[in-house]
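What follows is the content of target_14.tsv (TSV, C-alpha atoms (C1' of nucleotides)).
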chain	number	residue	atom	x	y	z
J	193	MET	CA	58.75	-33.75	40.47
J	194	SER	CA	57.09	-32.56	37.26
J	195	TRP	CA	59.03	-31.77	34.10
J	196	ASN	CA	58.21	-31.05	30.49
J	197	VAL	CA	61.25	-32.74	28.93
J	198	ASN	CA	60.57	-31.72	25.29
J	199	SER	CA	61.36	-35.14	23.78
J	200	ILE	CA	62.51	-38.09	25.87
J	201	ARG	CA	64.85	-39.18	23.07
J	202	ALA	CA	66.59	-35.79	23.10
J	203	ARG	CA	66.55	-35.68	26.93
J	204	HIS	CA	67.08	-39.36	27.84
J	205	GLY	CA	70.50	-38.86	29.41
J	206	ARG	CA	69.63	-35.63	31.21
J	207	VAL	CA	66.47	-37.11	32.74
J	208	ILE	CA	68.24	-40.24	33.98
J	209	ASP	CA	71.05	-38.10	35.36
J	210	TRP	CA	68.55	-35.84	37.12
J	211	LEU	CA	66.77	-38.83	38.69
J	212	ARG	CA	70.09	-40.25	39.86
J	213	ARG	CA	71.08	-36.97	41.50
J	214	HIS	CA	67.76	-36.01	43.09
J	215	GLU	CA	66.02	-39.36	43.66
J	216	PRO	CA	62.40	-38.16	43.61
J	217	ASP	CA	59.82	-40.75	44.67
J	218	ILE	CA	57.54	-39.77	41.79
J	219	ALA	CA	58.35	-38.06	38.49
J	220	LEU	CA	55.68	-36.73	36.15
J	221	LEU	CA	56.98	-36.12	32.65
J	222	GLN	CA	55.41	-34.30	29.73
J	223	GLU	CA	56.15	-34.00	26.01
J	224	THR	CA	57.95	-37.28	25.62
J	225	LYS	CA	57.16	-36.87	21.92
J	226	CYS	CA	56.92	-40.53	21.07
J	227	SER	CA	54.53	-43.45	20.79
J	228	ASP	CA	54.36	-46.15	23.44
J	229	ALA	CA	56.26	-48.47	21.06
J	230	VAL	CA	59.12	-46.02	20.48
J	231	PHE	CA	59.20	-45.21	24.19
J	232	ALA	CA	59.45	-48.89	25.11
J	233	ALA	CA	62.21	-49.56	22.57
J	234	GLY	CA	64.42	-46.62	23.52
J	235	GLY	CA	66.00	-48.04	26.67
J	236	PHE	CA	64.64	-45.31	28.95
J	237	VAL	CA	62.38	-47.72	30.83
J	238	ASP	CA	65.33	-50.05	31.50
J	239	ASP	CA	67.45	-47.17	32.79
J	240	CYS	CA	64.58	-46.15	35.07
J	241	ALA	CA	64.17	-49.72	36.33
J	242	ALA	CA	67.86	-49.80	37.24
J	243	LEU	CA	67.18	-46.82	39.51
J	244	GLY	CA	64.14	-48.53	41.03
J	245	TYR	CA	61.39	-46.77	39.09
J	246	ALA	CA	58.29	-48.30	37.58
J	247	VAL	CA	57.12	-46.43	34.48
J	248	ALA	CA	53.77	-45.81	32.81
J	249	HIS	CA	53.68	-43.97	29.49
J	250	HIS	CA	50.91	-42.66	27.26
J	251	GLY	CA	51.98	-41.70	23.75
J	252	ARG	CA	50.33	-42.13	20.36
J	253	ASP	CA	52.68	-40.46	17.85
J	254	HIS	CA	55.59	-38.05	17.81
J	255	TRP	CA	53.68	-35.24	19.50
J	256	ASN	CA	52.62	-34.80	23.12
J	257	GLY	CA	53.16	-37.87	25.30
J	258	VAL	CA	53.06	-38.06	29.11
J	259	ALA	CA	54.55	-40.42	31.67
J	260	ILE	CA	54.62	-41.27	35.37
J	261	LEU	CA	57.70	-42.73	37.07
J	262	SER	CA	57.43	-44.01	40.61
J	263	ARG	CA	59.54	-45.93	43.10
J	264	VAL	CA	56.70	-45.98	45.70
J	265	GLY	CA	54.16	-48.01	43.74
J	266	LEU	CA	52.34	-47.43	40.47
J	267	VAL	CA	48.83	-48.82	40.18
J	268	ASP	CA	45.47	-48.01	38.60
J	269	VAL	CA	47.02	-46.34	35.56
J	270	CYS	CA	44.54	-44.31	33.51
J	271	ARG	CA	45.58	-43.15	30.02
J	272	GLY	CA	43.62	-40.16	28.83
J	273	PHE	CA	40.37	-39.04	30.40
J	274	PRO	CA	38.08	-41.63	31.96
J	275	GLY	CA	35.56	-42.65	29.32
J	276	PRO	CA	35.84	-42.31	25.56
J	277	ASN	CA	38.66	-40.16	24.19
J	278	ARG	CA	37.39	-39.42	20.72
J	279	PRO	CA	39.22	-36.85	18.55
J	280	PRO	CA	40.59	-34.39	19.43
J	281	PHE	CA	40.73	-35.92	22.91
J	282	ASP	CA	42.76	-38.82	21.52
J	283	GLU	CA	45.91	-36.71	21.84
J	284	ALA	CA	48.18	-38.12	24.57
J	285	ARG	CA	47.97	-35.32	27.11
J	286	LEU	CA	46.94	-36.97	30.36
J	287	ILE	CA	47.94	-39.97	32.42
J	288	GLY	CA	46.93	-40.78	35.97
J	289	ALA	CA	48.10	-43.33	38.51
J	290	THR	CA	48.03	-44.03	42.21
J	291	CYS	CA	51.44	-43.91	43.90
J	292	ALA	CA	51.73	-44.44	47.65
J	293	GLY	CA	48.06	-43.59	48.12
J	294	LEU	CA	48.33	-40.41	46.09
J	295	ARG	CA	46.34	-40.03	42.89
J	296	VAL	CA	48.78	-38.20	40.60
J	297	TRP	CA	48.08	-36.84	37.12
J	298	SER	CA	50.74	-35.85	34.61
J	299	LEU	CA	49.20	-33.45	32.13
J	300	TYR	CA	50.21	-31.56	29.04
J	301	ALA	CA	47.53	-29.00	28.20
J	302	PRO	CA	47.00	-27.90	24.59
J	303	ASN	CA	49.15	-24.90	23.69
J	304	GLY	CA	46.40	-22.89	22.02
J	305	ARG	CA	48.77	-21.50	19.36
J	306	THR	CA	46.96	-18.15	18.91
J	307	LEU	CA	43.79	-16.59	20.30
J	308	ALA	CA	42.18	-16.96	16.85
J	309	ASP	CA	43.11	-20.62	16.33
J	310	SER	CA	40.60	-23.47	16.68
J	311	HIS	CA	43.25	-25.15	18.84
J	312	TYR	CA	42.68	-22.37	21.36
J	313	LEU	CA	39.01	-23.36	21.64
J	314	PHE	CA	40.04	-27.01	22.06
J	315	LYS	CA	42.31	-25.89	24.89
J	316	LEU	CA	39.36	-24.36	26.75
J	317	VAL	CA	37.19	-27.44	26.19
J	318	TRP	CA	40.04	-29.67	27.32
J	319	PHE	CA	40.36	-27.75	30.57
J	320	GLU	CA	36.63	-27.99	31.20
J	321	ARG	CA	36.80	-31.77	30.81
J	322	LEU	CA	39.78	-31.83	33.17
J	323	ARG	CA	37.83	-29.86	35.76
J	324	ALA	CA	34.81	-32.15	35.45
J	325	THR	CA	37.03	-35.23	35.78
J	326	VAL	CA	38.69	-34.01	38.97
J	327	ALA	CA	35.40	-32.78	40.41
J	328	ALA	CA	33.87	-36.22	39.92
J	329	ALA	CA	36.72	-38.10	41.61
J	330	ALA	CA	37.13	-38.64	45.33
J	331	ASP	CA	40.88	-39.19	45.55
J	332	VAL	CA	43.62	-37.05	47.01
J	333	HIS	CA	45.16	-35.47	43.97
J	334	VAL	CA	48.36	-34.01	42.70
J	335	LEU	CA	47.68	-32.53	39.28
J	336	ALA	CA	50.96	-31.42	37.77
J	337	GLY	CA	52.39	-30.64	34.40
J	338	ASP	CA	52.53	-28.11	31.63
J	339	PHE	CA	49.26	-26.17	31.84
J	340	ASN	CA	50.30	-23.73	29.10
J	341	VAL	CA	48.60	-20.98	31.12
J	342	ALA	CA	50.24	-18.26	33.20
J	343	PRO	CA	47.67	-17.86	36.01
J	344	THR	CA	48.37	-14.16	36.71
J	345	ASP	CA	50.50	-11.29	35.38
J	346	LEU	CA	53.01	-12.11	38.12
J	347	ASP	CA	53.71	-15.30	36.18
J	348	ILE	CA	54.93	-13.46	33.06
J	349	TYR	CA	58.15	-11.49	32.61
J	350	ASP	CA	56.39	-9.00	30.31
J	351	PRO	CA	52.59	-9.13	30.80
J	352	VAL	CA	51.91	-6.35	28.30
J	353	ARG	CA	53.66	-8.22	25.51
J	354	TRP	CA	51.69	-11.39	26.31
J	355	ARG	CA	48.31	-9.66	26.36
J	356	ARG	CA	47.77	-10.46	22.67
J	357	LEU	CA	49.15	-13.99	22.91
J	358	THR	CA	47.78	-17.25	24.20
J	359	HIS	CA	48.66	-18.41	27.78
J	360	ALA	CA	47.44	-15.22	29.49
J	361	SER	CA	43.92	-14.58	28.18
J	362	PRO	CA	41.00	-14.23	30.63
J	363	PRO	CA	39.27	-17.45	29.44
J	364	GLU	CA	42.47	-19.48	29.91
J	365	ARG	CA	42.99	-18.01	33.35
J	366	ALA	CA	39.36	-18.68	34.21
J	367	ALA	CA	39.89	-22.33	33.22
J	368	VAL	CA	42.75	-22.66	35.71
J	369	ALA	CA	40.91	-20.66	38.36
J	370	ALA	CA	37.98	-23.09	38.00
J	371	LEU	CA	40.32	-25.86	39.19
J	372	GLY	CA	40.97	-23.72	42.24
J	373	ASP	CA	37.24	-23.35	42.76
J	374	ILE	CA	36.90	-27.13	43.21
J	375	GLY	CA	39.57	-27.06	45.91
J	376	LEU	CA	42.90	-27.54	44.14
J	377	ARG	CA	45.69	-25.32	45.43
J	378	ASP	CA	48.58	-23.85	43.45
J	379	VAL	CA	51.28	-24.90	45.89
J	380	THR	CA	54.09	-23.18	43.96
J	381	ARG	CA	52.58	-19.79	44.69
J	382	GLU	CA	51.92	-20.71	48.32
J	383	HIS	CA	55.63	-21.38	48.80
J	384	LEU	CA	57.19	-19.02	46.22
J	385	PRO	CA	55.09	-15.83	46.26
J	386	ASP	CA	57.67	-13.49	44.71
J	387	ALA	CA	57.89	-12.08	41.19
J	388	GLY	CA	60.31	-13.65	38.72
J	389	VAL	CA	59.43	-17.27	39.57
J	390	PHE	CA	59.21	-19.08	36.23
J	391	THR	CA	59.33	-22.62	34.84
J	392	TRP	CA	59.75	-21.98	31.12
J	393	TRP	CA	62.16	-19.83	29.15
J	394	SER	CA	62.27	-19.65	25.35
J	395	TYR	CA	65.22	-21.27	23.60
J	396	ARG	CA	65.90	-17.96	21.87
J	397	PRO	CA	69.15	-16.28	22.86
J	398	GLY	CA	69.25	-14.15	25.98
J	399	GLN	CA	65.89	-15.23	27.38
J	400	VAL	CA	67.28	-17.31	30.23
J	401	GLU	CA	69.99	-14.77	31.06
J	402	ARG	CA	67.39	-11.98	31.38
J	403	ASN	CA	64.94	-14.27	33.22
J	404	ASN	CA	62.39	-13.71	30.45
J	405	GLY	CA	60.23	-16.61	31.47
J	406	LEU	CA	56.73	-17.80	32.20
J	407	ARG	CA	55.28	-19.85	35.04
J	408	ILE	CA	53.16	-22.26	33.03
J	409	ASP	CA	54.10	-25.52	34.75
J	410	LEU	CA	51.94	-25.91	37.82
J	411	ALA	CA	51.32	-28.37	40.63
J	412	LEU	CA	47.73	-28.21	41.81
J	413	CYS	CA	47.01	-30.19	44.96
J	414	SER	CA	43.87	-31.14	46.79
J	415	PRO	CA	43.90	-29.87	50.39
J	416	PRO	CA	45.26	-33.05	52.07
J	417	ALA	CA	48.14	-33.18	49.58
J	418	ALA	CA	48.75	-29.43	49.68
J	419	ASP	CA	48.99	-29.57	53.48
J	420	ARG	CA	51.84	-32.08	53.15
J	421	VAL	CA	53.95	-29.83	50.90
J	422	GLN	CA	56.98	-28.61	52.85
J	423	ARG	CA	58.95	-27.01	50.06
J	424	VAL	CA	58.58	-26.16	46.39
J	425	TRP	CA	61.53	-25.43	44.17
J	426	ILE	CA	62.29	-24.99	40.48
J	427	ASP	CA	65.56	-26.37	39.11
J	428	GLY	CA	66.84	-23.41	37.10
J	429	ASP	CA	70.29	-25.01	36.92
J	430	GLU	CA	68.80	-27.78	34.80
J	431	ARG	CA	67.33	-25.21	32.40
J	432	ARG	CA	70.73	-23.49	32.10
J	433	ALA	CA	72.54	-26.74	31.29
J	434	VAL	CA	73.77	-27.72	27.84
J	435	LEU	CA	71.14	-29.67	25.85
J	436	ALA	CA	68.39	-28.62	28.28
J	437	SER	CA	64.65	-28.73	27.81
J	438	ASP	CA	63.02	-25.31	27.57
J	439	HIS	CA	61.16	-26.18	30.81
J	440	ALA	CA	62.72	-26.61	34.26
J	441	PRO	CA	61.79	-29.38	36.70
J	442	LEU	CA	59.22	-28.32	39.32
J	443	VAL	CA	59.81	-30.15	42.59
J	444	LEU	CA	57.57	-30.66	45.62
J	445	ASP	CA	58.88	-32.00	48.92
J	446	LEU	CA	56.05	-33.80	50.71
J	447	ALA	CA	55.93	-34.76	54.37
J	448	ASP	CA	55.37	-38.46	55.08
C	56	DA	C1'	58.38	-4.01	15.19
C	57	DT	C1'	61.01	-8.13	14.08
C	58	DG	C1'	63.58	-12.02	14.89
C	59	DG	C1'	66.04	-14.71	17.51
C	60	DT	C1'	66.10	-21.53	18.68
C	61	DC	C1'	64.82	-25.85	19.60
C	62	DG	C1'	62.09	-30.28	18.66
C	63	DT	C1'	59.71	-33.56	15.32
C	64	DG	C1'	57.90	-38.50	9.96
C	65	DT	C1'	64.24	-33.60	6.74
C	66	DA	C1'	60.18	-30.11	5.55
C	67	DA	C1'	57.19	-27.59	7.16
C	68	DC	C1'	55.31	-27.18	11.25
C	69	DG	C1'	54.74	-26.96	16.46
C	70	DA	C1'	56.27	-24.57	20.80
For the file at hand, write its structure as structure tokens.
Amino acid sequence: MSWNVNSIRARHGRVIDWLRRHEPDIALLQETKCSDAVFAAGGFVDDCAALGYAVAHHGRDHWNGVAILSRVGLVDVCRGFPGPNRPPFDEARLIGATCAGLRVWSLYAPNGRTLADSHYLFKLVWFERLRATVAAAADVHVLAGDFNVAPTDLDIYDPVRWRRLTHASPPERAAVAALGDIGLRDVTREHLPDAGVFTWWSYRPGQVERNNGLRIDLALCSPPAADRVQRVWIDGDERRAVLASDHAPLVLDLAD
DNA sequence: ATGGTCGTGTAACGA
């Protein structure tokens, strides 16, 4: 399961409740929006432990923040990219770990803000470093999280409107496609090929009801992992709940 | 074409 929770403090109860109901082996969280110290003090780790989950978190301040929860082992934790993470790569956007022989990465890509913003250029550079990192590794990977890119027009409720916004530009799409070029497969699209499949809906009124969403949360799998995926589903009920994140959980069922 | 809402060092800012 992968889920941008938009603040673990705001979503603490909903996340624990979701884990209790669905019992995923591995949960990849994004946008915890807190430092490691605040995360450790908030009681979330204890609540996870009571459900049998080990937890690894990477957070530096009140922005970004990523985590991996696992009840099938959690070793070789890597916070940030391998090697130096000098600014702006010091933002907490990536954490990796090995769980039950699977190398999983929870990622929160830069938003980009606007096509004219320097943050947009950082987004493209960040994706290139991600690609190089995966290309250099030998493990079986599941790379999941908030990519902040809608890979095709099918992933946007109104592609024309989004043509002048970030998340849909050709360079952003090329950055995601480059991950496909090194063998990673977008398993959501393999299992859910239809239009109207989204993972994010704005908090603004009426967006959820009209299914005005984007598919920007992805699970990219290396071939051995992708071949194990039996089902992919998106928990829209969670997004429609009171006090929900603006992102829905993205769930993969893997064969043993 | 604009604005609508959430989240975060309660004040702009980020998404």
Atom CA of J:Cys413 to atom CA of J:Arg377, straight-line distance in Å:
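For atom CA of J:Arg377 relative to atom CA of J:Cys413, the distance reads 5.1 Å.
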Quick check: residues of chain J within 7 Å of chain C, all atoms listed in the file, returned as a VMD selection string.
chain J and resid 198 254 395 to 397
Can you pull out every residue within 9 Å of J:Ile200, counting all atoms listed in the file, but drop anything in the same chain fewer than 3 positions away, and send it as a ChimeraX atom specification?
/J:197,203-205,207,221-226,231,236
Selected residues written out with C-alpha atoms, as an mmCIF file, keeping the file's coordinate frame:
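The file below, out-v9.cif, is the result:
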data_model
loop_
_atom_site.group_PDB
_atom_site.id
_atom_site.type_symbol
_atom_site.label_atom_id
_atom_site.label_comp_id
_atom_site.auth_asym_id
_atom_site.auth_seq_id
_atom_site.Cartn_x
_atom_site.Cartn_y
_atom_site.Cartn_z
ATOM 1 C CA VAL J 197 61.250 -32.740 28.930
ATOM 2 C CA ARG J 203 66.550 -35.680 26.930
ATOM 3 C CA HIS J 204 67.080 -39.360 27.840
ATOM 4 C CA GLY J 205 70.500 -38.860 29.410
ATOM 5 C CA VAL J 207 66.470 -37.110 32.740
ATOM 6 C CA LEU J 221 56.980 -36.120 32.650
ATOM 7 C CA GLN J 222 55.410 -34.300 29.730
ATOM 8 C CA GLU J 223 56.150 -34.000 26.010
ATOM 9 C CA THR J 224 57.950 -37.280 25.620
ATOM 10 C CA LYS J 225 57.160 -36.870 21.920
ATOM 11 C CA CYS J 226 56.920 -40.530 21.070
ATOM 12 C CA PHE J 231 59.200 -45.210 24.190
ATOM 13 C CA PHE J 236 64.640 -45.310 28.950
#
Just the residues within 12 Å of J:Trp195, please, counting all atoms listed in the file, with nothing from its chain fewer than 2 positions along; format it as a PyMOL selection string.
chain J and resi 193+197-200+203+206-207+210-211+216+218-224+258-261+298-300+336-339+391-392+408-411+426-428+430-431+436-444
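Note that atom CA of J:Gly275 and atom CA of J:Ala328 are 12.5 Å apart.
The coordinates place atom CA of J:Ala292 at 11.6 Å from atom CA of J:Asp268.
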Identify, on the basis of all atoms listed in the file, every residue whose closest approach to stretch 321-325 of chain J does not exceed 9 Å; exclude the query and any residue fewer than 3 positions from it along the same chain; express the result as an MDAnalysis selection string.
chainID J and resid 273:274 316:318 328:329 367:368 370:371 374
Near J:Ala330, within 12 Å and counting all atoms listed in the file, which residues show up once chain neighbours fewer than 3 positions away are dropped, as a VMD selection string?
chain J and resid 294 to 295 325 to 327 333 374 to 375 414 416
First collect every listed atom of stretch 208-219 of chain J; then fit an axis-aligned box around them, widen it by 8 Å on each side, and give centre and edge lengths in Å to one decimal, as JSON.
{"center_x": 64.3, "center_y": -38.3, "center_z": 39.3, "size_x": 29.5, "size_y": 20.9, "size_z": 26.7}
